[in-house]
file query38.txt (compact mmCIF, C-alpha atoms)
# COMPACT_ATOMS: atom_id res chain seq x y z
CA MET A 186 6.36 -40.36 -25.81
CA THR A 187 7.44 -39.48 -22.27
CA ALA A 188 10.63 -37.82 -21.16
CA GLU A 189 11.70 -41.19 -19.72
CA THR A 190 11.73 -42.75 -23.17
CA PRO A 191 14.55 -41.30 -25.24
CA GLN A 192 13.54 -40.48 -28.77
CA LEU A 193 17.13 -40.80 -29.80
CA HIS A 194 19.90 -42.92 -28.36
CA LEU A 195 23.35 -43.02 -29.89
CA LEU A 196 26.24 -45.17 -28.77
CA LEU A 197 29.46 -44.60 -30.67
CA PRO A 198 33.20 -45.01 -30.26
CA ALA A 199 34.53 -41.74 -28.87
CA ALA A 200 36.38 -40.81 -32.05
CA PRO A 201 36.55 -37.50 -33.90
CA GLU A 202 34.73 -38.83 -36.96
CA ASN A 203 31.73 -39.74 -34.82
CA VAL A 204 31.14 -36.20 -33.59
CA VAL A 205 29.65 -35.44 -36.98
CA VAL A 206 27.43 -38.53 -36.74
CA ALA A 207 26.01 -37.22 -33.47
CA ARG A 208 25.69 -33.76 -34.98
CA GLN A 209 23.73 -35.04 -37.97
CA ALA A 210 21.52 -37.27 -35.84
CA ILE A 211 20.52 -34.49 -33.45
CA THR A 212 19.91 -32.14 -36.37
CA GLY A 213 17.63 -34.71 -37.97
CA LEU A 214 15.77 -35.14 -34.69
CA CYS A 215 15.20 -31.39 -34.43
CA GLU A 216 13.88 -31.39 -37.99
CA GLY A 217 11.59 -34.29 -37.21
CA LEU A 218 10.29 -32.53 -34.13
CA GLY A 219 9.59 -29.35 -36.07
CA PHE A 220 12.18 -27.14 -34.39
CA PRO A 221 12.72 -23.80 -36.12
CA SER A 222 16.06 -23.44 -37.83
CA ARG A 223 17.56 -21.08 -35.24
CA ALA A 224 16.73 -23.40 -32.37
CA THR A 225 18.09 -26.32 -34.38
CA ASP A 226 21.34 -24.41 -34.92
CA ASP A 227 21.68 -23.89 -31.17
CA VAL A 228 21.07 -27.57 -30.40
CA ARG A 229 23.47 -28.69 -33.10
CA LEU A 230 26.28 -26.41 -31.92
CA ALA A 231 25.89 -27.23 -28.23
CA VAL A 232 25.77 -30.99 -28.86
CA THR A 233 28.79 -30.75 -31.13
CA GLU A 234 30.73 -28.96 -28.38
CA ALA A 235 29.70 -31.51 -25.76
CA CYS A 236 30.66 -34.45 -27.99
CA THR A 237 33.96 -32.83 -28.85
CA ASN A 238 34.68 -32.49 -25.13
CA VAL A 239 34.16 -36.24 -24.73
CA VAL A 240 36.50 -37.06 -27.60
CA VAL A 241 39.22 -34.63 -26.49
CA HIS A 242 39.08 -34.79 -22.71
CA ALA A 243 37.21 -37.81 -21.36
CA TYR A 244 39.60 -40.66 -22.03
CA ALA A 245 43.27 -41.44 -21.94
CA PRO A 246 44.74 -41.69 -25.45
CA ASP A 247 44.19 -45.00 -27.25
CA THR A 248 41.49 -46.20 -24.89
CA ALA A 249 39.88 -49.02 -26.87
CA THR A 250 36.61 -48.86 -24.96
CA ALA A 251 36.18 -45.10 -25.22
CA GLN A 252 32.53 -44.46 -25.90
CA LEU A 253 30.31 -41.51 -26.61
CA GLU A 254 26.65 -41.71 -25.72
CA VAL A 255 23.93 -39.25 -26.67
CA GLU A 256 20.32 -39.39 -25.51
CA ALA A 257 17.57 -37.01 -26.48
CA SER A 258 13.98 -36.75 -25.30
CA ALA A 259 11.34 -34.19 -26.17
CA ALA A 260 8.55 -33.11 -23.88
CA ASP A 261 6.16 -30.22 -24.38
CA HIS A 262 8.23 -27.46 -25.96
CA GLU A 263 11.58 -28.62 -24.64
CA LEU A 264 14.29 -30.95 -25.78
CA LEU A 265 16.56 -32.61 -23.24
CA VAL A 266 19.86 -33.85 -24.61
CA THR A 267 22.35 -35.75 -22.48
CA VAL A 268 25.90 -36.40 -23.67
CA ARG A 269 27.66 -39.03 -21.59
CA ASP A 270 31.04 -40.72 -21.37
CA GLN A 271 32.55 -43.38 -19.17
CA GLY A 272 35.88 -41.71 -18.89
CA ARG A 273 38.07 -40.28 -16.17
CA GLY A 274 35.46 -37.99 -14.73
CA MET A 275 35.45 -34.31 -13.98
CA GLY A 276 38.45 -32.56 -12.57
CA VAL A 277 41.07 -34.69 -14.28
CA PHE A 278 43.58 -32.60 -16.16
CA THR A 279 43.97 -34.17 -19.56
CA GLY A 280 46.73 -32.02 -20.89
CA ALA A 281 44.62 -31.40 -23.98
CA ALA A 282 44.75 -27.68 -24.55
CA GLY A 283 41.72 -25.74 -25.58
CA LEU A 284 40.36 -22.24 -25.49
CA GLY A 285 38.11 -23.06 -22.60
CA LEU A 286 35.09 -21.75 -24.47
CA GLY A 287 33.16 -25.00 -24.87
CA LEU A 288 31.17 -25.00 -21.64
CA PRO A 289 30.41 -21.27 -21.62
CA LEU A 290 29.22 -21.64 -25.20
CA ILE A 291 26.97 -24.53 -24.23
CA ALA A 292 25.61 -22.50 -21.33
CA ALA A 293 24.84 -19.64 -23.66
CA LEU A 294 22.99 -21.87 -26.11
CA THR A 295 20.84 -23.80 -23.65
CA ARG A 296 17.92 -22.89 -21.41
CA ALA A 297 19.46 -25.01 -18.67
CA VAL A 298 22.55 -27.14 -18.37
CA GLU A 299 23.91 -29.45 -15.71
CA MET A 300 27.25 -31.22 -15.66
CA ARG A 301 27.56 -34.14 -13.28
CA ALA A 302 29.08 -37.55 -12.73
CA GLY A 303 27.64 -40.31 -14.90
CA PRO A 304 25.54 -43.27 -13.69
CA ASN A 305 27.15 -45.08 -10.74
CA GLY A 306 29.67 -42.28 -10.52
CA VAL A 307 31.42 -43.37 -13.69
CA GLY A 308 32.46 -40.76 -16.21
CA THR A 309 30.69 -37.50 -16.85
CA GLU A 310 27.40 -36.45 -18.35
CA ILE A 311 26.16 -33.09 -19.41
CA ALA A 312 22.41 -32.58 -19.53
CA MET A 313 21.24 -29.75 -21.75
CA THR A 314 17.72 -28.40 -22.00
CA PHE A 315 16.67 -26.48 -25.08
CA SER A 316 13.52 -24.51 -25.77
CA LYS A 317 11.81 -25.23 -29.03
CA ASP A 318 11.03 -21.55 -29.44
CA GLY A 319 14.50 -20.42 -28.39
CA SER A 320 13.16 -18.55 -25.37
CA GLU A 321 15.30 -16.52 -22.96
CA GLN A 322 18.18 -18.52 -21.64
CA ASP A 323 19.07 -18.77 -17.97
CA ALA A 324 21.76 -21.42 -18.06
CA HIS A 325 24.63 -21.76 -15.65
CA VAL A 326 27.58 -24.13 -15.57
CA MET B 176 38.06 -39.88 -50.72
CA SER B 177 39.50 -41.13 -47.49
CA SER B 178 37.50 -43.27 -45.13
CA THR B 179 37.78 -44.55 -41.64
CA VAL B 180 38.09 -48.09 -40.42
CA GLN B 181 36.48 -48.47 -37.03
CA SER B 182 38.23 -51.07 -34.94
CA THR B 183 37.33 -50.20 -31.39
CA ALA B 184 35.55 -52.42 -28.90
CA VAL B 185 32.58 -50.07 -28.78
CA PRO B 186 29.74 -50.77 -31.22
CA SER B 187 28.17 -48.00 -33.27
CA ARG B 188 24.44 -48.01 -32.67
CA ILE B 189 21.58 -45.62 -33.18
CA CYS B 190 18.04 -46.02 -31.90
CA VAL B 191 15.47 -43.43 -32.84
CA SER B 192 11.75 -43.14 -32.35
CA ALA B 193 10.05 -44.41 -35.48
CA VAL B 194 8.06 -41.18 -35.60
CA THR B 195 11.17 -39.08 -36.15
CA ALA B 196 13.37 -41.71 -37.79
CA GLY B 197 13.11 -40.33 -41.34
CA PRO B 198 15.26 -37.20 -41.09
CA VAL B 199 17.59 -38.73 -38.51
CA LEU B 200 18.44 -41.84 -40.52
CA ALA B 201 18.72 -39.90 -43.76
CA ARG B 202 21.33 -37.59 -42.27
CA VAL B 203 23.24 -40.37 -40.54
CA PHE B 204 23.24 -42.68 -43.54
CA GLY B 205 24.40 -39.83 -45.72
CA ILE B 206 27.40 -39.07 -43.55
CA LEU B 207 28.27 -42.76 -43.26
CA GLY B 208 28.13 -43.14 -47.03
CA ALA B 209 30.46 -40.19 -47.44
CA ARG B 210 32.84 -41.58 -44.82
CA ALA B 211 32.93 -44.94 -46.57
CA GLY B 212 33.80 -43.21 -49.81
CA LEU B 213 30.77 -44.53 -51.67
CA SER B 214 29.79 -43.01 -54.98
CA LEU B 215 27.08 -40.36 -55.12
CA ASP B 216 24.75 -42.91 -56.69
CA ARG B 217 25.28 -45.29 -53.81
CA VAL B 218 24.83 -42.53 -51.26
CA SER B 219 21.52 -41.79 -52.96
CA ASP B 220 20.66 -45.46 -52.62
CA LEU B 221 21.54 -45.28 -48.93
CA LEU B 222 19.19 -42.34 -48.47
CA LEU B 223 16.41 -44.31 -50.13
CA ALA B 224 17.20 -47.23 -47.84
CA ALA B 225 17.04 -44.88 -44.85
CA ASP B 226 13.59 -43.71 -45.89
CA THR B 227 12.45 -47.28 -46.44
CA ILE B 228 13.65 -48.39 -43.01
CA ALA B 229 12.22 -45.31 -41.31
CA ASP B 230 8.83 -45.63 -42.95
CA ALA B 231 8.42 -49.36 -42.35
CA ASP B 232 6.07 -50.27 -39.52
CA VAL B 233 8.28 -53.13 -38.41
CA HIS B 234 10.29 -51.83 -35.47
CA ALA B 235 10.02 -53.36 -32.01
CA ASP B 236 8.81 -50.94 -29.31
CA GLY B 237 8.43 -48.15 -31.84
CA MET B 238 12.18 -47.58 -32.02
CA ALA B 239 14.19 -47.98 -35.20
CA CYS B 240 17.55 -49.40 -34.11
CA ILE B 241 20.56 -49.87 -36.35
CA GLU B 242 24.04 -51.06 -35.54
CA PHE B 243 26.60 -50.17 -38.17
CA THR B 244 30.21 -50.60 -39.18
CA VAL B 245 32.00 -48.44 -41.70
CA VAL B 246 35.05 -49.71 -43.54
CA GLU B 247 36.74 -48.60 -46.72
CA GLY B 248 34.14 -48.78 -49.45
CA GLN B 249 31.48 -50.56 -47.44
CA ILE B 250 28.84 -50.04 -44.79
CA ASP B 251 27.44 -52.98 -42.87
CA MET B 252 24.33 -52.48 -40.83
CA VAL B 253 22.04 -54.60 -38.73
CA VAL B 254 18.48 -53.33 -38.42
CA GLY B 255 16.56 -54.47 -35.38
CA PRO B 256 15.22 -55.75 -33.09
CA LEU B 257 12.14 -55.98 -35.27
CA ALA B 258 8.56 -56.80 -34.41
CA GLU B 259 7.24 -60.27 -35.15
CA GLY B 260 7.20 -60.74 -38.89
CA GLY B 261 8.92 -57.41 -39.29
CA ALA B 262 12.07 -58.76 -40.88
CA GLU B 263 10.13 -60.36 -43.68
CA ARG B 264 7.93 -57.31 -44.15
CA LEU B 265 10.95 -55.01 -44.23
CA LEU B 266 12.49 -57.00 -47.06
CA GLU B 267 9.31 -57.58 -49.02
CA SER B 268 7.78 -54.15 -48.96
CA PRO B 269 7.47 -51.57 -50.22
CA ARG B 270 7.62 -52.81 -53.76
CA VAL B 271 8.23 -50.56 -56.70
CA GLY B 272 7.25 -51.97 -60.05
CA GLY B 273 6.87 -55.36 -58.43
CA VAL B 274 10.41 -55.29 -57.03
CA ALA B 275 11.16 -55.07 -53.29
CA VAL B 276 13.25 -51.99 -52.56
CA LEU B 277 15.82 -53.00 -49.94
CA PRO B 278 17.05 -56.23 -51.58
CA ARG B 279 17.48 -54.27 -54.79
CA LEU B 280 19.45 -51.49 -53.10
CA ALA B 281 21.70 -53.53 -50.80
CA ASP B 282 24.60 -55.66 -52.00
CA GLN B 283 23.99 -58.23 -49.30
CA VAL B 284 20.87 -59.06 -47.33
CA GLU B 285 20.63 -61.55 -44.53
CA LEU B 286 18.02 -62.44 -41.94
CA LEU B 287 19.49 -62.86 -38.49
CA GLY B 288 18.13 -64.45 -35.34
CA SER B 289 19.33 -63.61 -31.87
CA ASP B 290 19.27 -64.80 -28.29
CA ASP B 291 16.46 -62.41 -27.41
CA GLY B 292 14.21 -64.03 -30.02
CA ALA B 293 13.85 -60.86 -32.05
CA ARG B 294 14.86 -60.99 -35.68
CA ARG B 295 17.15 -58.57 -37.36
CA VAL B 296 18.12 -57.78 -40.94
CA ARG B 297 21.70 -57.33 -42.02
CA LEU B 298 22.34 -55.09 -44.99
CA ALA B 299 25.62 -54.29 -46.71
CA PHE B 300 26.22 -51.41 -49.09
CA SER B 301 29.37 -50.95 -51.12

call {"tool": "encode", "arguments": {"input": "query38.txt", "output": "structure tokens"}}
result
Amino acid sequence: MTAETPQLHLLLPAAPENVVVARQAITGLCEGLGFPSRATDDVRLAVTEACTNVVVHAYAPDTATAQLEVEASAADHELLVTVRDQGRGMGVFTGAAGLGLGLPLIAALTRAVEMRAGPNGVGTEIAMTFSKDGSEQDAHV
Amino acid sequence: MSSTVQSTAVPSRICVSAVTAGPVLARVFGILGARAGLSLDRVSDLLLAADTIADADVHADGMACIEFTVVEGQIDMVVGPLAEGGAERLLESPRVGGVAVLPRLADQVELLGSDDGARRVRLAFS
């Protein structure tokens, strides 16, 4: 399996109840790939934060087409997880209050992280790289 | 137990490499069963169905794909696209005590065709 072929692809309505679906799916993938429990915990928490960001911030309320997309690919000793939306994009103030800890937390849990516009400039995607062995992290947002 | 009715325009779909499908589908099916408010026995049946689907060598391009809908008391899922002959094999094997597993577990089973020529299997659990 190459990095170009996702080993997991999830497409879900961007709704709170689907964050746990993504969380369970990525946890199962880590188990299937033989990740140690600590590394699995890091992946699970970071993906949960990224999916929660999509649900809370990406779309205007009551957007019928609001979607949450998760892709994951494993290569060597790394797992690349991309969480994507087709929402309003970065820099739009949503009015949804939060502690502002989500992205710093993701940065702390990943080996590398990049936040960028989605395909064709639509929405936002956050690409997170995790080490299977939980090696030293050098992530920046 | 409360459940959620999904009524958005976005489908719910999961595709996972057949190699790692077992633990992924088991966890996802479990949470869907809980969300639908199914009994513990039926959630156990769902987990067995997840294992059966994950273990079956029937998936097109090595990816187990499932589209699902959760409503109060019921989960509908469409498994596929499947490899040629895969739909029939999925429903006929494995057999336990001479009985095929998935038709015994699911409340409804239906073979579906599609525009892309690949066959799919619809299963409903309630």

call {"tool": "interface_residues", "arguments": {"input": "query38.txt", "of": "chain B", "to": "chain A", "cutoff": "6 Å", "atoms": "all atoms listed in the file", "output": "PyMOL selection string"}}
result
chain B and resi 183-185+187-192+195+198-199+202-203

call {"tool": "atom_distance", "arguments": {"input": "query38.txt", "atom1": "CA of Gly287 in chain A", "atom2": "CA of Glu234 in chain A"}}
result
5.8 Å

call {"tool": "residues_around", "arguments": {"input": "query38.txt", "residues": "range 230-244 of chain B", "least_positions_apart": "4", "cutoff": "9 Å", "atoms": "all atoms listed in the file", "output": "NGL selection string"}}
result
(:A and (192-194)) or (:B and (180-181 or 186-194 or 196-197 or 225-226 or 249-262 or 264-265 or 268-269 or 293))

call {"tool": "residues_near_point", "arguments": {"input": "query38.txt", "point": "(12.0, -23.4, -28.4)", "cutoff": "12 Å", "atoms": "only C-alpha atoms", "output": "PyMOL selection string"}}
result
chain A and resi 215+218-228+259-265+294-296+314-322

call {"tool": "write_last_selection", "arguments": {"input": "query38.txt", "atoms": "C-alpha atoms", "output": "short mmCIF file (atom, residue, chain, number, x, y, z; two decimals), keeping the file's coordinate frame"}}
result
data_model
loop_
_atom_site.label_atom_id
_atom_site.label_comp_id
_atom_site.auth_asym_id
_atom_site.auth_seq_id
_atom_site.Cartn_x
_atom_site.Cartn_y
_atom_site.Cartn_z
CA CYS A 215 15.20 -31.39 -34.43
CA LEU A 218 10.29 -32.53 -34.13
CA GLY A 219 9.59 -29.35 -36.07
CA PHE A 220 12.18 -27.14 -34.39
CA PRO A 221 12.72 -23.80 -36.12
CA SER A 222 16.06 -23.44 -37.83
CA ARG A 223 17.56 -21.08 -35.24
CA ALA A 224 16.73 -23.40 -32.37
CA THR A 225 18.09 -26.32 -34.38
CA ASP A 226 21.34 -24.41 -34.92
CA ASP A 227 21.68 -23.89 -31.17
CA VAL A 228 21.07 -27.57 -30.40
CA ALA A 259 11.34 -34.19 -26.17
CA ALA A 260 8.55 -33.11 -23.88
CA ASP A 261 6.16 -30.22 -24.38
CA HIS A 262 8.23 -27.46 -25.96
CA GLU A 263 11.58 -28.62 -24.64
CA LEU A 264 14.29 -30.95 -25.78
CA LEU A 265 16.56 -32.61 -23.24
CA LEU A 294 22.99 -21.87 -26.11
CA THR A 295 20.84 -23.80 -23.65
CA ARG A 296 17.92 -22.89 -21.41
CA THR A 314 17.72 -28.40 -22.00
CA PHE A 315 16.67 -26.48 -25.08
CA SER A 316 13.52 -24.51 -25.77
CA LYS A 317 11.81 -25.23 -29.03
CA ASP A 318 11.03 -21.55 -29.44
CA GLY A 319 14.50 -20.42 -28.39
CA SER A 320 13.16 -18.55 -25.37
CA GLU A 321 15.30 -16.52 -22.96
CA GLN A 322 18.18 -18.52 -21.64
#

call {"tool": "atom_distance", "arguments": {"input": "query38.txt", "atom1": "CA of Arg273 in chain A", "atom2": "CA of Leu290 in chain A"}}
result
22.5 Å

call {"tool": "atom_distance", "arguments": {"input": "query38.txt", "atom1": "CA of Met313 in chain A", "atom2": "CA of Val298 in chain A"}}
result
4.5 Å

call {"tool": "residues_around", "arguments": {"input": "query38.txt", "residues": "Asn305 in chain A", "least_positions_apart": "5", "cutoff": "12 Å", "atoms": "all atoms listed in the file", "output": "ChimeraX atom specification"}}
result
/A:271,274,310

call {"tool": "write_last_selection", "arguments": {"input": "query38.txt", "atoms": "C-alpha atoms", "output": "PDB file, keeping the file's coordinate frame"}}
result
ATOM      1  CA  GLN A 271      32.550 -43.380 -19.170  1.00  0.00           C
ATOM      2  CA  GLY A 274      35.460 -37.990 -14.730  1.00  0.00           C
ATOM      3  CA  GLU A 310      27.400 -36.450 -18.350  1.00  0.00           C
TER       4      GLU A 310
END

call {"tool": "residues_around", "arguments": {"input": "query38.txt", "residues": "Thr309 in chain A", "least_positions_apart": "3", "cutoff": "9 Å", "atoms": "only C-alpha atoms", "output": "list in words"}}
result
Val239, Ala243, Val268, Arg269, Asp270, Gln271, Gly272, Arg273, Gly274, Met275, Met300, Arg301, Ala302, Gly303, Pro304 and Gly306 of chain A

call {"tool": "residues_around", "arguments": {"input": "query38.txt", "residues": "Leu286 in chain B", "least_positions_apart": "5", "cutoff": "8 Å", "atoms": "all atoms listed in the file", "output": "list in words"}}
result
Ala262, Arg294, Arg295, Val296 and Arg297 of chain B

call {"tool": "residues_around", "arguments": {"input": "query38.txt", "residues": "Ala281 in chain B", "least_positions_apart": "4", "cutoff": "8 Å", "atoms": "only C-alpha atoms", "output": "list in words"}}
result
Leu277, Leu298, Ala299 and Phe300 of chain B

call {"tool": "residues_near_point", "arguments": {"input": "query38.txt", "point": "(30.0, -25.2, -25.5)", "cutoff": "10 Å", "atoms": "all atoms listed in the file", "output": "ChimeraX atom specification"}}
result
/A:230-238,285-295

call {"tool": "write_last_selection", "arguments": {"input": "query38.txt", "atoms": "C-alpha atoms", "output": "PDB file, in the coordinates of the input"}}
result
ATOM      1  CA  LEU A 230      26.280 -26.410 -31.920  1.00  0.00           C
ATOM      2  CA  ALA A 231      25.890 -27.230 -28.230  1.00  0.00           C
ATOM      3  CA  VAL A 232      25.770 -30.990 -28.860  1.00  0.00           C
ATOM      4  CA  THR A 233      28.790 -30.750 -31.130  1.00  0.00           C
ATOM      5  CA  GLU A 234      30.730 -28.960 -28.380  1.00  0.00           C
ATOM      6  CA  ALA A 235      29.700 -31.510 -25.760  1.00  0.00           C
ATOM      7  CA  CYS A 236      30.660 -34.450 -27.990  1.00  0.00           C
ATOM      8  CA  THR A 237      33.960 -32.830 -28.850  1.00  0.00           C
ATOM      9  CA  ASN A 238      34.680 -32.490 -25.130  1.00  0.00           C
ATOM     10  CA  GLY A 285      38.110 -23.060 -22.600  1.00  0.00           C
ATOM     11  CA  LEU A 286      35.090 -21.750 -24.470  1.00  0.00           C
ATOM     12  CA  GLY A 287      33.160 -25.000 -24.870  1.00  0.00           C
ATOM     13  CA  LEU A 288      31.170 -25.000 -21.640  1.00  0.00           C
ATOM     14  CA  PRO A 289      30.410 -21.270 -21.620  1.00  0.00           C
ATOM     15  CA  LEU A 290      29.220 -21.640 -25.200  1.00  0.00           C
ATOM     16  CA  ILE A 291      26.970 -24.530 -24.230  1.00  0.00           C
ATOM     17  CA  ALA A 292      25.610 -22.500 -21.330  1.00  0.00           C
ATOM     18  CA  ALA A 293      24.840 -19.640 -23.660  1.00  0.00           C
ATOM     19  CA  LEU A 294      22.990 -21.870 -26.110  1.00  0.00           C
ATOM     20  CA  THR A 295      20.840 -23.800 -23.650  1.00  0.00           C
TER      21      THR A 295
END

call {"tool": "axis_aligned_box", "arguments": {"input": "query38.txt", "around": "range 219-224 of chain A", "padding_each_side": "8 Å", "output": "AutoDock Vina command-line options"}}
result
--center_x 13.6 --center_y -25.2 --center_z -35.1 --size_x 24.0 --size_y 24.3 --size_z 21.5
